[in-house]
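*Asks:* One structure, as structure tokens, below. Some questions next.
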Amino acid sequence: MLASHPFAASSAPFTLSILIWLPLALALIVNALPTKYVGRGAALASLLPVAVAITFVANFNSHNPGLQFVTDKVWISALGIHYKLGINGLNVALVLLTTVLFTVSLAWSAVREVDRPHTYYFWFGLAESAVLGAFLAQDLILFVAFFDLMLIPFYFLVGSWGSGDRVRATIKMVIYTMVGSFLMLAAAIATGVIASGDHGTGINFSFSALQHLPLSRTDEDWIFLAFALAFLVKMPIAPFHGWLADAYKAMPIPAVAVFSGVVAKVASYGFLQIVLPLFPHAAHHYQVLMLIIALVSILWATAMAFTTDDARLVIAYSSVAQMGFILLGIFSLTPQGGQGALLQMINHGVVTAASFFVVAAAAARAGGSEKLADMGGIAFKAPVLATLFLIVTFANLAMPGSSNFIGEFMILLGTFDSHIVIALIASVAVVGAAFYALRLFIRAMHNRVGGRVRSFEVTRNEAIAIVPLCLIILALAFYPQFGLGKSQASLDVAVLPAAALGGHVDMSQYATLAAAAEGRSIHPPISEVSYGAKQKPRRVYTDRKTATHRKAVHS
Amino acid sequence: MALGWYLAVSVLIFCIGSGGVLVRRNPLVILLCLELMLNAGNLALVTFARMHGGEAGQIFALIVMVVAACEVTVGLGLIVAISRRNLPIDVDELHELNG
Amino acid sequence: MSPTTWGWLVLLFPLLGTITIGLGFRTYSRAAGVIGTAAIGLAFVCAVGALISLLGRSGAHREVVSSLWNYDVSGGVDAGFQILVDPISVFMMLVVTGVSTLIHLYSTAYMRSDEGYSRYFAYLNYFVLSMLILVLGGNFVMLIIGWAFVGAASYLLISFWYRRSSATGAGIKAFVINVLGDVGLVLGTFFIFRHTHTVSFLGSFAAAPHVFHNDSTDLVAGCLLFLVGAFAKSAQVPLHTWLPDAMEGPTPVSSLIHAATMVTAGVYLIVRLHPLFQLAPTAGEVGAIIGCATLLIAGTIALVVTDIKRVIAYSTMSQIGYMIMGASAGAYSAALFHLMTHAFFKALLFMAAGSIIGAMAGSQSLDRMSGFRKAMPFTFACFIVGGLALSGIPPFSGWLSKDDIIAYLNNRGGVYEVLGILGYVGALLTGLYTFRMIFRAFFGDPSPEAVELEHGHIAHAEVPTNPANGEVEDTEVGFPGPEHVIAEREPAMKVAMGLLALAAVVGGFLQLPGVDHVIQNFLSTSLSDAPLASAAHEPSSSSAWAGLIIGAVIGLVGITMAYGVWVRRPGTAAKFQAALPWLHDFLVNKWYFDEAIDLVVVRPALAIGRFAQSVLERIVISGGVTGGVTGVVRSGSAAVRRAQTGVLRFYAAAVILGLSAVVLYFLISST
């Protein structure tokens, strides 16, 4: 079937709505259990969304660049807002990652004492639903709604179950990211309203519809900046990362694992799914600015990571640096860079979560302290833990042979093609990453035994979260193509409009893909003119090329 | 008959009521003044109903009376609760709910 | 079986060894050594299988590629999980697995009393796996993976005794410098990929002559970046400072990784990428000059170092300088020939040094060793064989291989002839420092430890201390174990050293000018596309023999000088020191490379980091940007909040005023 219809629509036994709302529903059901069992119940129940996500990944057709498993219902008809969900190559792996990370985090919580477990697991369920919704939403307003919904559970998780100066940290995080969110809400509304006004159509917020309604250059520019600011704060990217250190220090470990692992990825995913396809001119216009911000973020966070004395903050800053790399890949505006960025989102999600759990395990042996000075010499009585820590460390510093390396390789390759100097400077940071990641490992596990250290082998309570993640890291290391293969077709469609403005991309190839993405593979392709022409936003069709492309599609 | 006079009375009563709400500090009196304002409104409603020849205004007036009765019940209940706790019966003293 | 099947098997056995030993670390005690050695031995057998299978094919069909699955295929990159079996990789496989098998065998005895016996063999198997990925990789991505894996294995083994701060420090230093090399490789690959649009070796090599003209900028940039990788891995100046520190690892590790195999990867890289270097003669010249500089600098430092392992380490740097010089100039088969013979005799020297360190109760200082000749006759014989081969004395292997390189350089002329002559200066230094080490350790009056050994006891320190910095050892892990083991008494060590000594003697006869050219002929398939390796550039047999005689004479002169200075008139060295104190200081401080790097790179980076951490991050980012935004929001909300007085009558007034305003507005606007 695939051979005859390369872009054949796929079907799955579930709808995407089930996937989104299942975690919340399960959290409510689990709430009926007695206090003793609620944690285990939540962890076991969270395997269900994983299974559902796997059916979607298994049924996903990698050759089809367009949306699959689409759900499209009118939500608020007067405002043109749709409840539209769909999977394409950009979010398919991230959805699976989300369900897996939540399961692992819930497992970590389930084997520990948690205060007020009913509410705790309810917030986790809501958080999972919100994150899945944000990944799957194909309507701007729906996306913004889920994007802000994500913040609510974390407000409570940090504020009630956090440690240290949690109230201040919560308020700082919420206010700061909300400012970005409001900018985005304004920009989202403006996009729909202005686009429909310019083209005289009814208001519509779905991504695919907006792609056909290009904005004027000035509108595109300010809307781009508003979206970019919201996403940069959320990722976070230096210098917008001021909330990070306090919030990550205050969050409970399972919460910080999912926050850094997937919630932050929603923002970088937003760049690929929304910003590049909808605002290609602005993306091209601000490319150098964004690349420089990414570069500053990488270097800045690297410098922070190798001077901080707090194990958890080393991981926190290293994730800022990694997000810098992801941003670099996205704004290289090349297919390679985008592929690398997407792969790196998955890798970093797994690795950063594993890192936080490992640091928690090390802290448990250092009298509860996360200071590097209190650790040391843990490896001797905990060889298995040391090995797991080592795997995580090597993946975190993107050692060749890990999937993270392939991610960085593709990102740097894309950047190298578009802005060689930035790629050369960014690669220096790779050396810095080797230093801080290994420093963390050595200071925690090696050297003389620290004063407060009482080391013991990795326990079942710790292994339940760390081992599965390490296995995923190893599996991805052997087969990074898992992440690359599914996304290529969709990614090309997302990146190429902006890339074409840079000048050296074969647009004929794009035309075929874009046509396929909209499920009209026999329609004529878009000519190059439509992307360069500013005064003529409507698409221009050329019949001359049609015949050859039709052949290309069916061969 | 000129309906304007009815309206003039309504405005007068309304002003007396609102003046009372603004200057008095005893919640009981404030409630009484509120009743005055509501009844001023009722008078205006009935007047306009008469003026336009429809019965909608009269029905509205009846509904307002019902609401006013409920409101008085709740208000008096609150006052009783306040006095039971030996709190001052003075709206200026009861300002804990500030920003 | 096809050569690639053998190739995959060669990779499989060390992988199985690593996994088996790693997973069963609690169960196995002594078995780990046997499993590890057997795994590498089987890999060697498979490498021989690959050799036979390859020899069964005609010349043109000796480059075989096999890919198991798509590793990174997207956006134009076409990297499979791929190996390339050709004469170069088979040659490297044989050297790596052969020497590794012997060193594993030696380790089974040497590490017997160590707490981390299983861990040691798991790491060592992992290292061999990595090294084999490096030499077998069929594209740049696989090469880089192997390249980084050996760096990681090297880190793990340098930091093997991880309670020693000196060991963890040396480990991180080696790792970070090696990552710098990885970055060089990655960026170099980008430069090549930009034009050839493929990362596979054979594809790039086929495309290179068509897309690059001679010495084109991108190609030279790419090749120079590859050289950065090669220099970092092969410890060439200025990226060499990690190698002497790497001697913190167990001695068999120094023997395997930091002498015989991993550090020669840079040479392999240049030979592997020769079709690119052929087109970038400028890069070749840079490589040759750096190689030559390293060989001289390391040779001079080796003259004054008193740590016996570090003497051999600097000697390794110096010998790799020869290889890099030769490979960069185009003497590919000669460089690989020297790589092989060097692996034999340098591994042998390290093993012998391990034996003597055991006899010294862990001390590595030449100042304390003396007169071990009678106490350790076997070790002494191995040292002599290794030393003579290193110094290039006929008929030992180093003589033939090193002078092969120099003869090629002299034949090529130009700047290379100058380098060739400097190579002879290096040969003089080699003879001098090698025999300084041997004379100081084995001649003269026996030291107390040697006397004890003659009576049958092995010296044993009461309080074990770290020889590098004098710290008292943490005996849980940071300590080689209470029973010292020396070659004189251990059959496993004796067998390993004996076989290597044999190879060090006869290994050179594989390639005698005018008589046989086994290695050159075998490699000719891979090198057929290299004009520099053609017969026109090879020296004639007569000039080669003339070079051999000159080299032998120079080596002998060096040994004689050493004999004069350290045996006949023992005070001479001290007199030199007194006469030229600045020179001595300069050499003892290793030309101040560590200090310079510290001053230029490490300190500024740390200072910037600390400043950024304490000032910019706290005040500007956390306080200014984030605090500013949250501050604006909070003060805005505070202002609005003030309206919420809690006074009921205030609200009532507000409602009425607002209502009146609305009514007024409509009244005015309606008129």
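Identifiers in this document derive from the order of the structure tokens: chains are assigned A, B, ..., residues are numbered from 1 separately in each chain, and ligands are numbered from 1 in order of occurrence.
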Excluding Val263 of chain A and its own-chain neighbours fewer than 2 positions away, which residues fall within 9 Å of it when counting only C-alpha atoms? Please give them as a PyMOL selection string.

*Replies:* chain A and resi 98+131+147+150+234-235+258-261+265-267

*Asks:* Gly75 of chain B: which residues within 9 Å, counting only C-alpha atoms, same-chain residues fewer than 6 positions away excluded, as a ChimeraX atom specification?

*Replies:* /B:27-28,31

*Asks:* Got time to write the residues from that selection, C-alpha atoms, as a short mmCIF file (atom, residue, chain, number, x, y, z; two decimals), in the first residue's frame?

*Replies:*
```cif
data_model
loop_
_atom_site.label_atom_id
_atom_site.label_comp_id
_atom_site.auth_asym_id
_atom_site.auth_seq_id
_atom_site.Cartn_x
_atom_site.Cartn_y
_atom_site.Cartn_z
CA PRO B 27 -25.56 48.14 57.98
CA LEU B 28 -29.18 47.97 59.03
CA LEU B 31 -30.10 47.85 53.93
#
```

*Asks:* When you count only C-alpha atoms, which of these residues is closest to Leu36 of chain B: B:Ala56, B:Ala8, B:Ala68, B:Met51?

*Replies:*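 Smallest separation from Leu36 of chain B among the options: B:Ala68.
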
*Asks:* Assign secondary structure with DSSP using the backbone only, and return the residues of segment 95-279 of chain A in helix (DSSP H, G or I) as a ChimeraX atom specification.

*Replies:* /A:95-110,117-136,140-149,151-161,166-199,207-211,217-234,244-250,253-278

*Asks:* Give me the residues near Thr108 of chain C as a list of chain:residue names, where near means some atom within 12 Å (using only C-alpha atoms) and where sequence neighbours in that chain fewer than 5 positions away do not count.

*Replies:*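 Here the answer would be C:Ser29, C:Arg30, C:Ala31, C:Ala32, C:Gly33, C:Val34, C:Ile35, C:Gly36, C:Thr37, C:Ala38, C:Thr101, C:Leu102, C:Ile103, C:Ser113, C:Asp114, C:Tyr117, C:Ser118, C:Tyr120, C:Phe121, C:Leu124, C:Pro252, C:Val485, C:Glu490, C:Pro491, C:Ala492, C:Met493, C:Lys494, C:Val495, C:Ala496.
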
*Asks:* For the residues selected in the previous step, produce a file with C-alpha atoms as a CSV table (one decimal), in the first residue's frame.

*Replies:*
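File result-v9.csv, as written:
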```csv
chain,number,residue,atom,x,y,z
C,29,SER,CA,36.5,-12.8,40.3
C,30,ARG,CA,39.4,-14.3,38.3
C,31,ALA,CA,37.3,-15.2,35.3
C,32,ALA,CA,37.1,-11.6,34.1
C,33,GLY,CA,40.7,-11.7,33.0
C,34,VAL,CA,40.2,-15.0,31.1
C,35,ILE,CA,37.1,-13.8,29.4
C,36,GLY,CA,38.6,-10.5,28.5
C,37,THR,CA,41.8,-12.1,27.1
C,38,ALA,CA,39.8,-14.7,25.2
C,101,THR,CA,45.8,-9.8,23.4
C,102,LEU,CA,49.3,-9.8,24.8
C,103,ILE,CA,48.6,-6.9,27.1
C,113,SER,CA,45.5,-8.0,43.5
C,114,ASP,CA,43.5,-5.0,42.4
C,117,TYR,CA,39.9,-6.4,38.6
C,118,SER,CA,36.6,-7.0,36.7
C,120,TYR,CA,39.5,-3.1,34.6
C,121,PHE,CA,38.9,-5.8,32.1
C,124,LEU,CA,40.0,-2.6,28.6
C,252,PRO,CA,49.4,-2.0,31.2
C,485,VAL,CA,53.8,-8.5,40.9
C,490,GLU,CA,54.8,-14.5,36.6
C,491,PRO,CA,54.5,-16.9,33.6
C,492,ALA,CA,51.7,-14.8,32.0
C,493,MET,CA,53.7,-11.7,32.1
C,494,LYS,CA,56.8,-13.5,30.9
C,495,VAL,CA,55.0,-15.0,27.9
C,496,ALA,CA,53.5,-11.7,26.9
```

*Asks:* Can you list, as a tab-separated table (two decimals) with C-alpha atoms, in the first residue's frame, every protein, DNA or RNA residue that comes within 9 Å of segment 79-94 of chain B when you count only C-alpha atoms, leaving out same-chain residues fewer than 5 positions away?

*Replies:*
```tsv
chain	number	residue	atom	x	y	z
B	24	ARG	CA	-24.70	55.92	56.87
B	25	ARG	CA	-22.44	53.44	58.64
B	26	ASN	CA	-24.99	51.16	60.25
B	27	PRO	CA	-25.56	48.14	57.98
B	28	LEU	CA	-29.18	47.97	59.03
B	74	VAL	CA	-29.19	37.39	53.46
C	646	GLY	CA	-12.21	47.18	52.00
C	647	VAL	CA	-14.45	50.13	52.93
C	648	LEU	CA	-17.94	49.36	51.70
C	649	ARG	CA	-19.01	52.94	51.25
```

*Asks:* Check every residue of chain C for an atom within 7 Å of chain A, counting only C-alpha atoms, and provide those that qualify as a PyMOL selection string.

*Replies:* chain C and resi 70-75+144-145+148+162-165+168+172+176+179-180+183+190+609-610+613+621-622+626+629-630
